[in-house]
Each structure stands twice: as C-alpha cells, then as structure tokens.
file work.txt (compact mmCIF, C-alpha atoms and all ligand atoms)
# COMPACT_ATOMS: atom_id res chain seq x y z
CA MET A 102 15.44 -49.89 81.27
CA LYS A 103 16.04 -53.53 82.20
CA ASN A 104 16.89 -52.65 85.80
CA TYR A 105 13.83 -50.53 85.98
CA TYR A 106 11.62 -53.44 85.00
CA ARG A 107 13.42 -55.79 87.31
CA SER A 108 12.97 -53.50 90.29
CA LEU A 109 9.23 -53.77 89.79
CA LEU A 110 9.12 -57.52 89.83
CA THR A 111 8.76 -57.89 93.57
CA PRO A 112 5.85 -55.44 94.01
CA LEU A 113 4.24 -57.02 90.96
CA ALA A 114 4.48 -60.50 92.39
CA LEU A 115 2.97 -59.27 95.66
CA LEU A 116 0.20 -57.51 93.82
CA LEU A 117 -0.70 -60.50 91.72
CA THR A 118 -0.69 -62.76 94.76
CA ALA A 119 -3.03 -60.35 96.53
CA MET A 120 -5.28 -60.27 93.49
CA ALA A 121 -5.46 -64.01 93.18
CA ALA A 122 -6.54 -64.12 96.80
CA CYS A 123 -9.35 -61.63 96.47
CA THR A 124 -10.87 -62.24 93.06
CA ARG A 125 -13.24 -65.02 92.28
CA GLN A 126 -11.87 -65.61 88.82
CA GLU A 127 -8.35 -66.88 88.54
CA ASN A 128 -6.42 -64.32 86.56
CA LYS A 129 -3.48 -65.53 84.62
CA PRO A 130 -0.75 -63.02 85.38
CA ALA A 131 2.17 -62.61 83.04
CA SER A 132 5.00 -64.86 84.06
CA PRO A 133 7.34 -62.91 86.34
CA THR A 134 10.22 -64.56 84.54
CA THR A 135 9.72 -62.26 81.55
CA PRO A 136 10.80 -58.82 82.71
CA ALA A 137 9.31 -56.88 79.78
CA ALA A 138 5.91 -58.44 80.32
CA ALA A 139 6.13 -57.81 84.02
CA ALA A 140 6.54 -54.06 83.68
CA ASP A 141 4.76 -51.70 86.12
CA SER A 142 1.72 -53.85 86.52
CA VAL A 143 -1.58 -52.84 87.92
CA ALA A 144 -4.91 -54.46 88.40
CA VAL A 145 -8.42 -53.43 87.58
CA THR A 146 -10.55 -55.40 89.95
CA ALA A 147 -13.84 -53.78 88.94
CA GLU A 148 -16.58 -56.30 88.27
CA SER A 149 -16.95 -57.03 84.61
CA LYS A 150 -20.68 -56.31 84.89
CA SER A 151 -20.21 -52.99 83.15
CA HIS A 152 -19.26 -52.54 79.52
CA ALA A 153 -18.63 -49.55 77.30
CA LEU A 154 -21.12 -49.45 74.46
CA THR A 155 -21.40 -47.36 71.31
CA GLY A 156 -24.52 -47.47 69.18
CA GLU A 157 -27.48 -45.84 67.52
CA VAL A 158 -30.98 -45.32 68.90
CA ILE A 159 -33.46 -47.27 66.80
CA ALA A 160 -36.57 -46.51 68.84
CA VAL A 161 -37.65 -44.93 72.12
CA THR A 162 -40.33 -46.80 74.08
CA PRO A 163 -41.46 -44.64 77.02
CA GLU A 164 -44.03 -47.22 78.20
CA ARG A 165 -41.13 -49.50 79.12
CA SER A 166 -38.69 -46.71 80.12
CA ALA A 167 -36.50 -48.17 77.43
CA VAL A 168 -34.66 -47.47 74.21
CA LEU A 169 -33.91 -49.89 71.42
CA VAL A 170 -30.27 -49.50 70.44
CA HIS A 171 -28.24 -51.07 67.66
CA HIS A 172 -24.83 -51.28 69.28
CA GLU A 173 -21.40 -51.99 67.87
CA GLU A 174 -19.43 -55.04 68.93
CA ILE A 175 -18.39 -55.03 72.58
CA PRO A 176 -14.96 -56.66 72.26
CA GLY A 177 -14.69 -59.88 74.19
CA TYR A 178 -18.29 -59.71 75.32
CA MET A 179 -20.96 -59.47 72.64
CA PRO A 180 -21.21 -59.03 68.87
CA ALA A 181 -22.99 -56.06 67.28
CA MET A 182 -26.76 -56.37 67.76
CA THR A 183 -30.01 -54.55 68.45
CA MET A 184 -31.21 -54.70 72.05
CA GLU A 185 -33.53 -52.91 74.44
CA PHE A 186 -32.08 -51.07 77.44
CA ILE A 187 -33.70 -49.34 80.40
CA VAL A 188 -32.67 -45.69 80.79
CA THR A 189 -33.35 -42.94 83.33
CA PRO A 190 -36.41 -40.69 82.84
CA ALA A 191 -34.08 -37.81 81.96
CA ASP A 192 -32.38 -39.86 79.25
CA LEU A 193 -35.74 -41.15 78.05
CA ALA A 194 -36.88 -37.56 77.55
CA ARG A 195 -33.82 -36.46 75.58
CA LEU A 196 -33.05 -39.50 73.45
CA LYS A 197 -34.32 -39.59 69.89
CA GLU A 198 -34.35 -42.08 67.09
CA GLY A 199 -31.23 -41.89 64.93
CA GLN A 200 -28.96 -40.44 67.62
CA ARG A 201 -25.54 -42.00 68.14
CA LEU A 202 -24.53 -42.57 71.73
CA ARG A 203 -21.80 -43.82 73.95
CA ALA A 204 -22.81 -45.33 77.30
CA ARG A 205 -22.09 -47.89 79.93
CA LEU A 206 -24.08 -51.11 79.82
CA THR A 207 -24.93 -52.40 83.30
CA TYR A 208 -27.23 -54.96 84.89
CA ASP A 209 -29.55 -54.49 87.85
CA GLU A 210 -30.44 -57.14 90.49
CA LYS A 211 -33.08 -58.57 88.15
CA ASN A 212 -30.44 -58.89 85.43
CA GLU A 213 -32.17 -56.28 83.32
CA LEU A 214 -29.97 -54.26 81.01
CA HIS A 215 -29.47 -50.56 81.61
CA LEU A 216 -27.57 -47.80 79.87
CA GLU A 217 -25.85 -45.33 82.17
CA ASP A 218 -23.68 -42.25 81.67
CA ILE A 219 -25.13 -41.76 78.22
CA GLU A 220 -23.23 -39.32 76.04
CA LEU A 221 -24.62 -38.29 72.69
CA ILE A 222 -22.09 -38.53 69.90
CA ASP A 223 -21.65 -35.58 67.61
CA THR A 224 -21.21 -37.34 64.27
CA VAL A 225 -19.22 -34.45 62.79
CA LYS A 226 -16.69 -34.63 65.63
CA GLU A 227 -16.69 -38.41 65.46
CA ARG A 228 -15.79 -38.29 61.77
CA GLU A 229 -12.94 -35.87 62.47
CA VAL A 230 -11.51 -38.07 65.22
CA LYS A 231 -11.90 -41.21 63.12
CA ALA A 232 -10.13 -39.58 60.16
CA ALA A 233 -7.25 -38.53 62.42
CA ALA A 234 -7.10 -42.07 63.84
CA ALA A 235 -6.89 -43.51 60.32
CA THR A 236 -4.00 -41.17 59.46
CA LEU A 237 -2.24 -42.08 62.68
CA ARG A 238 -2.78 -45.78 61.94
CA GLN A 239 -1.15 -45.33 58.54
CA ASP A 240 1.73 -43.34 60.01
CA THR A 241 2.35 -45.96 62.71
CA ALA A 242 2.23 -48.81 60.21
CA MET A 243 4.55 -47.01 57.78
CA ARG A 244 7.09 -46.32 60.51
CA GLY A 245 7.00 -49.98 61.47
CA LYS A 246 9.81 -50.82 63.86
CA GLY A 247 10.80 -47.14 63.90
CA ALA A 248 7.42 -46.06 65.29
CA TYR A 249 8.90 -45.23 68.69
CA ARG A 250 9.60 -41.50 68.85
CA GLU A 251 13.01 -40.80 70.33
CA ILE A 252 14.03 -37.65 72.15
CA GLY A 253 14.65 -35.05 69.44
CA GLU A 254 11.85 -36.37 67.24
CA THR A 255 8.52 -34.67 66.70
CA VAL A 256 5.32 -36.05 68.18
CA PRO A 257 2.79 -37.62 65.79
CA GLN A 258 -0.33 -35.83 64.62
CA PHE A 259 -3.45 -36.85 66.50
CA SER A 260 -6.93 -35.70 67.45
CA LEU A 261 -8.75 -37.02 70.50
CA TYR A 262 -11.59 -35.94 72.80
CA ASN A 263 -10.89 -33.94 75.93
CA GLN A 264 -12.79 -34.27 79.22
CA ASP A 265 -15.47 -31.94 77.86
CA GLY A 266 -15.99 -34.05 74.75
CA GLU A 267 -14.34 -31.44 72.51
CA VAL A 268 -12.05 -32.59 69.73
CA VAL A 269 -8.49 -31.59 70.58
CA SER A 270 -5.74 -31.87 68.01
CA ILE A 271 -2.11 -31.87 69.13
CA ASN A 272 -1.71 -28.76 66.96
CA ARG A 273 -3.80 -26.84 69.46
CA PHE A 274 -0.75 -26.80 71.74
CA ARG A 275 1.73 -25.47 69.16
CA GLY A 276 3.81 -22.69 70.66
CA ARG A 277 3.22 -24.04 74.15
CA VAL A 278 5.29 -26.47 76.18
CA ILE A 279 3.61 -29.80 76.95
CA VAL A 280 4.21 -32.23 79.76
CA MET A 281 2.45 -35.41 78.70
CA ASN A 282 1.78 -38.61 80.58
CA PHE A 283 -0.43 -41.69 80.27
CA ILE A 284 -2.79 -42.83 82.98
CA TYR A 285 -6.08 -44.56 83.51
CA THR A 286 -8.73 -43.55 85.98
CA ARG A 287 -9.30 -46.97 87.58
CA CYS A 288 -5.61 -47.53 88.31
CA PRO A 289 -5.67 -48.94 91.85
CA ILE A 290 -1.96 -48.66 92.61
CA ALA A 291 -1.30 -45.48 94.57
CA THR A 292 2.29 -45.19 93.37
CA MET A 293 1.36 -45.48 89.68
CA CYS A 294 -1.27 -43.36 87.89
CA PRO A 295 -2.69 -41.68 91.03
CA ALA A 296 0.81 -40.51 92.03
CA SER A 297 1.57 -39.42 88.48
CA THR A 298 -1.58 -37.29 88.42
CA LEU A 299 -0.62 -35.73 91.76
CA ARG A 300 2.78 -34.84 90.30
CA MET A 301 1.17 -33.29 87.24
CA MET A 302 -0.96 -31.19 89.59
CA ALA A 303 2.10 -30.23 91.64
CA LEU A 304 3.90 -29.23 88.45
CA GLN A 305 0.90 -27.19 87.31
CA HIS A 306 0.81 -25.32 90.63
CA ALA A 307 4.57 -24.79 90.78
CA ALA A 308 4.63 -23.44 87.21
CA LYS A 309 1.75 -21.10 87.97
CA ALA A 310 3.50 -19.85 91.11
CA LYS A 311 6.57 -19.08 88.98
CA GLY A 312 4.50 -17.11 86.50
CA ILE A 313 4.95 -19.63 83.70
CA THR A 314 2.05 -19.16 81.32
CA ASP A 315 2.93 -21.35 78.35
CA LEU A 316 2.71 -24.78 79.99
CA GLU A 317 0.11 -27.41 79.06
CA LEU A 318 -0.38 -30.65 80.98
CA VAL A 319 -1.80 -33.48 78.92
CA SER A 320 -2.83 -36.89 80.28
CA ILE A 321 -3.84 -39.50 77.73
CA THR A 322 -5.84 -42.46 79.00
CA LEU A 323 -4.52 -45.99 78.58
CA ASP A 324 -8.06 -47.29 78.93
CA PRO A 325 -10.17 -45.41 76.38
CA VAL A 326 -13.04 -47.89 76.48
CA TYR A 327 -13.76 -47.14 80.12
CA ASP A 328 -12.32 -43.62 80.30
CA THR A 329 -14.90 -41.71 78.29
CA PRO A 330 -14.85 -37.91 78.37
CA SER A 331 -17.33 -37.84 81.27
CA VAL A 332 -15.30 -40.36 83.28
CA LEU A 333 -12.20 -38.20 82.71
CA LYS A 334 -14.12 -35.08 83.67
CA ASN A 335 -15.22 -36.71 86.90
CA TYR A 336 -11.63 -37.84 87.56
CA ALA A 337 -10.44 -34.24 87.16
CA ASP A 338 -13.30 -32.75 89.15
CA VAL A 339 -12.98 -34.98 92.22
CA ARG A 340 -9.30 -34.03 92.39
CA GLY A 341 -10.07 -30.34 92.05
CA ILE A 342 -7.92 -30.12 88.92
CA ASP A 343 -7.74 -26.73 87.26
CA SER A 344 -8.57 -27.60 83.65
CA ALA A 345 -7.31 -24.25 82.29
CA ASN A 346 -4.08 -25.90 81.12
CA PHE A 347 -4.56 -29.53 82.17
CA THR A 348 -6.25 -31.67 79.54
CA PHE A 349 -7.31 -35.30 79.72
CA LEU A 350 -7.64 -37.09 76.39
CA THR A 351 -9.43 -40.19 75.18
CA GLY A 352 -10.58 -41.51 71.83
CA PRO A 353 -10.82 -44.53 69.57
CA GLU A 354 -8.96 -47.57 70.91
CA ASN A 355 -6.83 -47.89 67.78
CA ALA A 356 -5.71 -44.26 68.02
CA VAL A 357 -4.73 -44.66 71.66
CA ARG A 358 -2.93 -47.91 70.87
CA ASP A 359 -0.95 -46.24 68.11
CA LEU A 360 -0.04 -43.31 70.35
CA LEU A 361 1.11 -45.63 73.13
CA HIS A 362 3.22 -47.45 70.56
CA GLN A 363 4.78 -44.24 69.26
CA PHE A 364 5.36 -42.89 72.77
CA GLY A 365 6.80 -46.19 74.01
CA VAL A 366 4.22 -46.98 76.66
CA ILE A 367 3.42 -50.67 77.11
CA VAL A 368 -0.08 -51.73 78.07
CA GLU A 369 -1.15 -55.33 78.30
CA PRO A 370 -4.81 -55.96 78.89
CA GLY A 371 -5.64 -58.85 81.19
CA GLU A 372 -9.07 -60.21 81.96
CA ASN A 373 -9.68 -57.86 84.84
CA PHE A 374 -6.56 -55.76 84.93
CA LEU A 375 -4.24 -53.64 82.85
CA LYS A 376 -0.51 -53.94 83.09
CA HIS A 377 1.32 -50.87 81.96
CA THR A 378 4.48 -48.82 82.04
CA LEU A 379 4.57 -45.09 82.74
CA SER A 380 6.28 -42.40 80.69
CA THR A 381 6.34 -38.67 81.17
CA LEU A 382 7.43 -36.52 78.25
CA LEU A 383 8.42 -32.90 77.81
CA ILE A 384 7.51 -31.53 74.39
CA ASP A 385 8.53 -28.11 73.16
CA GLY A 386 6.45 -25.50 71.34
CA GLN A 387 7.35 -27.03 67.97
CA GLY A 388 6.16 -30.48 68.99
CA LYS A 389 9.66 -31.86 69.58
CA ILE A 390 10.25 -34.32 72.43
CA ILE A 391 13.00 -32.79 74.54
CA HIS A 392 12.97 -34.99 77.63
CA ARG A 393 11.33 -38.13 78.92
CA VAL A 394 11.37 -40.13 82.13
CA ASP A 395 10.13 -43.70 82.18
CA GLY A 396 8.66 -45.14 85.34
CA THR A 397 7.31 -43.67 88.53
CA THR A 398 10.30 -41.61 89.58
CA TRP A 399 9.85 -38.44 87.57
CA LYS A 400 9.98 -35.24 89.59
CA PRO A 401 7.89 -32.13 88.95
CA ASP A 402 10.91 -29.97 89.88
CA ASP A 403 13.07 -31.69 87.29
CA PHE A 404 10.53 -30.95 84.58
CA LEU A 405 10.09 -27.40 85.84
CA ARG A 406 13.83 -26.79 85.54
CA ARG A 407 13.88 -28.22 82.03
CA LEU A 408 11.06 -26.10 80.65
CA PRO A 409 12.38 -24.15 77.67
CA ALA A 410 12.59 -20.37 77.77
CA HIS A 411 9.37 -18.95 79.11
CA PRO A 412 8.04 -15.49 79.92
CA PRO A 413 9.68 -13.89 82.97
CA ALA A 414 8.15 -14.71 86.32
CA ALA A 415 5.39 -12.38 87.42
CA LYS A 416 6.62 -10.09 90.17
CU CU A 501 -1.69 -47.00 86.48
call {"tool": "encode", "arguments": {"input": "work.txt", "output": "structure tokens", "more": "lines below"}}
Ligand SMILES: [Cu+2]
result
Amino acid sequence: MKNYYRSLLTPLALLLTAMAACTRQENKPASPTTPAAAADSVAVTAESKSHALTGEVIAVTPERSAVLVHHEEIPGYMPAMTMEFIVTPADLARLKEGQRLRARLTYDEKNELHLEDIELIDTVKEREVKAAAATLRQDTAMRGKGAYREIGETVPQFSLYNQDGEVVSINRFRGRVIVMNFIYTRCPIATMCPASTLRMMALQHAAKAKGITDLELVSITLDPVYDTPSVLKNYADVRGIDSANFTFLTGPENAVRDLLHQFGVIVEPGENFLKHTLSTLLIDGQGKIIHRVDGTTWKPDDFLRRLPAHPPAAK
C-alpha cells in the first residue's frame, strides 16, 4: 500500500505543477511529503461557475422565463435561500409550483442565473434513498474504526440512484456477481477513472463473449454533487456502454462518503480538484467481498478468471 502511494508521487507532483501553471486561482495541493494525502491525485479544472442545486419550485413566472426556487444550501457557495432563475421554454412549460428539483446553477454573460439539466425529484424515491442513507450513516458510525470492509466481509446495505434515476438497492444484485469500482465523470487523468471505465467495459465484453450471464458491473461516483443521474447517463451513452448489466450509481453526499469509507476509497476535495484512490472489488452472489485490487493496475482478465462458478459458456 505504501509503495503504491509512493509510486504515484512523481506523476502527482507533475500534475500539480501543470495545474498551478494553467489555473488562475492558486490551488493548495496536499504536501507531497505526506504519502497518504498524495494518493492517486486528479484535478477538476472545470470553472466553478456551475453548482449543483436542489430545491423546490415556489412560483413559475412565464413573463420572465423564470422560476422562483427555494434551494437548499450549496456547500461552500451559498446558504439556503429563495431566488429566481431563468429556465428554457421546455422547462418553463413543465415546471409547477411545489415540485422538487435537482439542477445545475449557471451564469450567462450578463451574470444572470440559470438552471440547466433540471431533473424533477420523485419525493417517494427521495425518501427511500434518504432513509437508506441514514441507516448507512448509523452503520458506519457504529463500526467506527472497523468500518473498512475486508475481503471476506459482506458489503453494507445501501440504496442509490442509477443513471436512469431509479432507486437501486444493493440487494437487487443478490445472486449475481458484482465487479464494483469508484469513478467520477470529470476525472481528467486518462490513466485513472477513464482507464478504469474502459477496463470495466472490456470485462463486460469479455464476460459476454464467454457466455457469463450473472455478472453485474457497478460504478459508484466519487463526486455525487456533480454526477447526477443524467450526467452519469450521458457518461455511459457517449462511451456506448451497454447498460444491461453496467450500472452507474449516485446519491446523497453522506451516503457516498460512508460507502467510500467502508470500501476504503480515499477522496479529498480540493478547491477545484478531487484527489482520490481507486479500488476495484469483486463481490459474490451473497454480497461477500472476495477480491479487491487497489490502484490503477487491475486487469479485466484477472477478474474474469476469479469470477465464481457461473453458467457454462454458450456454445
Ligand atoms: Cu479519477
């Protein structure tokens, strides 16, 4: 583990130097003298002119192409408040008072506020996901220092949203073998999340070619605020991912944080970047972790060989 971190120090230092050179704001990178903090680091260089927002429609004002929304706190940016936002004509036509929504807050050239990528929140589903997050929170807190799930242990219970906005509980995959990893869609380092997704796709194709029908690929986002279901759907679509047995999951920040904790994935948010480690896990049909590889070196073939007994290959 230590060597693994250390081997990443040089690319990290190069990356951070490059970032400092090309961003206007000075980011304060983690000191490269602390190996744990300097784990697989990546940068999100996207302008901070876009923020994830969750709120409730208070009024629709077509004459101004706007909606009045009471939004929740936007961490690190703005407290909860009621504000007017410009929306597209299509959104204007479908939005109604009392609806809960998730959207991206952006500014135009005139510094007017807009809401984009609006997703209506199903309050029944939201309650289910929040309840599961509360249970997970309790479980993580109770386990304390023992929260990390070792090989041989069972995965925690959780419910998140998939790329179609459906609530997916881990129990849905009972009886099926899961290969799980953790990524985020804006990861700019080709050898990190993008490569991990390509390997998941390669594994999916290889398993299909071998006639394996009980495999599920699950990618949980490290960046749930940005990676909403529609962002994940777009990520899957542009890569031509077959979603039949490849699920992307997102959900409340606290739930994702607890899962990362239990699965031993480290994420450290910076001002404009996320630093994170990578882990890929193999979970059997009873929810038991049977193999894991930390870092970027996992091989689809290795996981394919380790899949537990599966139906005979189609001839
Ligand atoms: Cu990444």
call {"tool": "atom_distance", "arguments": {"input": "work.txt", "atom1": "CA of Leu196 (chain A)", "atom2": "CA of Glu354 (chain A)"}}
result
25.5 Å
call {"tool": "residues_near_ligand", "arguments": {"input": "work.txt", "ligand": "ligand CU 501 (chain A)", "cutoff": "12 Å", "atoms": "only C-alpha atoms and all ligand atoms", "output": "VMD selection string"}}
result
chain A and resid 140 to 145 282 to 298 320 to 324 366 to 369 374 to 380 396 to 397
call {"tool": "residues_around", "arguments": {"input": "work.txt", "residues": "Tyr249 (chain A)", "least_positions_apart": "2", "cutoff": "6 Å", "atoms": "only C-alpha atoms", "output": "list in words"}}
result
Gly247, Gln363, Phe364 and Gly365 of chain A
call {"tool": "residues_around", "arguments": {"input": "work.txt", "residues": "Gly156 (chain A)", "least_positions_apart": "3", "cutoff": "7 Å", "atoms": "all atoms listed in the file", "output": "PyMOL selection string"}}
result
chain A and resi 170-173+201-203
call {"tool": "atom_distance", "arguments": {"input": "work.txt", "atom1": "CA of Asn263 (chain A)", "atom2": "CA of Leu333 (chain A)"}}
result
8.1 Å
call {"tool": "atom_distance", "arguments": {"input": "work.txt", "atom1": "CA of Val230 (chain A)", "atom2": "CA of Asp328 (chain A)"}}
result
16.1 Å
call {"tool": "residues_around", "arguments": {"input": "work.txt", "residues": "Leu408 (chain A)", "least_positions_apart": "6", "cutoff": "12 Å", "atoms": "all atoms listed in the file", "output": "ChimeraX atom specification"}}
result
/A:277-280,304,308,311,313-317,382-386,390-392,401-402
call {"tool": "closest_residue", "arguments": {"input": "work.txt", "among": "A:Leu221, A:Gln387, A:Ala303, A:Pro257", "to": "Leu237 (chain A)", "atoms": "only C-alpha atoms"}}
result
A:Pro257
call {"tool": "closest_residue", "arguments": {"input": "work.txt", "among": "A:Leu405, A:Ala167, A:Leu193, A:Val357", "to": "Ala310 (chain A)", "atoms": "all atoms listed in the file"}}
result
A:Leu405
call {"tool": "residues_around", "arguments": {"input": "work.txt", "residues": "region 239-243 of chain A", "least_positions_apart": "2", "cutoff": "12 Å", "atoms": "all atoms listed in the file", "output": "PDB file with C-alpha atoms, in the frame of the given file"}}
result
ATOM      1  CA  ALA A 232     -10.130 -39.580  60.160  1.00  0.00           C
ATOM      2  CA  ALA A 233      -7.250 -38.530  62.420  1.00  0.00           C
ATOM      3  CA  ALA A 234      -7.100 -42.070  63.840  1.00  0.00           C
ATOM      4  CA  ALA A 235      -6.890 -43.510  60.320  1.00  0.00           C
ATOM      5  CA  THR A 236      -4.000 -41.170  59.460  1.00  0.00           C
ATOM      6  CA  LEU A 237      -2.240 -42.080  62.680  1.00  0.00           C
ATOM      7  CA  GLY A 245       7.000 -49.980  61.470  1.00  0.00           C
ATOM      8  CA  LYS A 246       9.810 -50.820  63.860  1.00  0.00           C
ATOM      9  CA  GLY A 247      10.800 -47.140  63.900  1.00  0.00           C
ATOM     10  CA  ALA A 248       7.420 -46.060  65.290  1.00  0.00           C
ATOM     11  CA  TYR A 249       8.900 -45.230  68.690  1.00  0.00           C
ATOM     12  CA  ARG A 250       9.600 -41.500  68.850  1.00  0.00           C
ATOM     13  CA  VAL A 256       5.320 -36.050  68.180  1.00  0.00           C
ATOM     14  CA  PRO A 257       2.790 -37.620  65.790  1.00  0.00           C
ATOM     15  CA  GLN A 258      -0.330 -35.830  64.620  1.00  0.00           C
ATOM     16  CA  PHE A 259      -3.450 -36.850  66.500  1.00  0.00           C
ATOM     17  CA  ASN A 355      -6.830 -47.890  67.780  1.00  0.00           C
ATOM     18  CA  ALA A 356      -5.710 -44.260  68.020  1.00  0.00           C
ATOM     19  CA  VAL A 357      -4.730 -44.660  71.660  1.00  0.00           C
ATOM     20  CA  ARG A 358      -2.930 -47.910  70.870  1.00  0.00           C
ATOM     21  CA  ASP A 359      -0.950 -46.240  68.110  1.00  0.00           C
ATOM     22  CA  LEU A 360      -0.040 -43.310  70.350  1.00  0.00           C
ATOM     23  CA  LEU A 361       1.110 -45.630  73.130  1.00  0.00           C
ATOM     24  CA  HIS A 362       3.220 -47.450  70.560  1.00  0.00           C
ATOM     25  CA  GLN A 363       4.780 -44.240  69.260  1.00  0.00           C
ATOM     26  CA  PHE A 364       5.360 -42.890  72.770  1.00  0.00           C
TER      27      PHE A 364
END
call {"tool": "axis_aligned_box", "arguments": {"input": "work.txt", "around": "region 188-198 of chain A", "padding_each_side": "5 Å", "output": "AutoDock Vina command-line options"}}
result
--center_x -34.6 --center_y -41.1 --center_z 75.2 --size_x 14.5 --size_y 19.2 --size_z 26.2
call {"tool": "residues_around", "arguments": {"input": "work.txt", "residues": "Lys226 (chain A)", "least_positions_apart": "2", "cutoff": "12 Å", "atoms": "all atoms listed in the file", "output": "CSV table (one decimal) with C-alpha atoms, in the coordinates of the input"}}
result
chain,number,residue,atom,x,y,z
A,201,ARG,CA,-25.5,-42.0,68.1
A,221,LEU,CA,-24.6,-38.3,72.7
A,222,ILE,CA,-22.1,-38.5,69.9
A,223,ASP,CA,-21.6,-35.6,67.6
A,224,THR,CA,-21.2,-37.3,64.3
A,228,ARG,CA,-15.8,-38.3,61.8
A,229,GLU,CA,-12.9,-35.9,62.5
A,230,VAL,CA,-11.5,-38.1,65.2
A,231,LYS,CA,-11.9,-41.2,63.1
A,232,ALA,CA,-10.1,-39.6,60.2
A,233,ALA,CA,-7.2,-38.5,62.4
A,260,SER,CA,-6.9,-35.7,67.4
A,261,LEU,CA,-8.8,-37.0,70.5
A,262,TYR,CA,-11.6,-35.9,72.8
A,263,ASN,CA,-10.9,-33.9,75.9
A,266,GLY,CA,-16.0,-34.0,74.8
A,267,GLU,CA,-14.3,-31.4,72.5
A,268,VAL,CA,-12.0,-32.6,69.7
A,269,VAL,CA,-8.5,-31.6,70.6
A,270,SER,CA,-5.7,-31.9,68.0
A,352,GLY,CA,-10.6,-41.5,71.8
call {"tool": "closest_residue", "arguments": {"input": "work.txt", "among": "A:Val326, A:Leu299, A:Val339, A:Lys309", "to": "Lys400 (chain A)", "atoms": "all atoms listed in the file"}}
result
A:Leu299
call {"tool": "residues_near_point", "arguments": {"input": "work.txt", "point": "(-7.0, -27.3, 89.5)", "cutoff": "12 Å", "atoms": "only C-alpha atoms", "output": "list in words"}}
result
Thr298, Leu299, Met301, Met302, Ala303, Leu304, Gln305, His306, Ala307, Lys309, Leu318, Tyr336, Ala337, Asp338, Val339, Arg340, Gly341, Ile342, Asp343, Ser344, Ala345, Asn346, Phe347 and Thr348 of chain A
call {"tool": "closest_residue", "arguments": {"input": "work.txt", "among": "A:Leu154, A:Glu251, A:Arg195, A:Ile159", "to": "Pro176 (chain A)", "atoms": "all atoms listed in the file"}}
result
A:Leu154
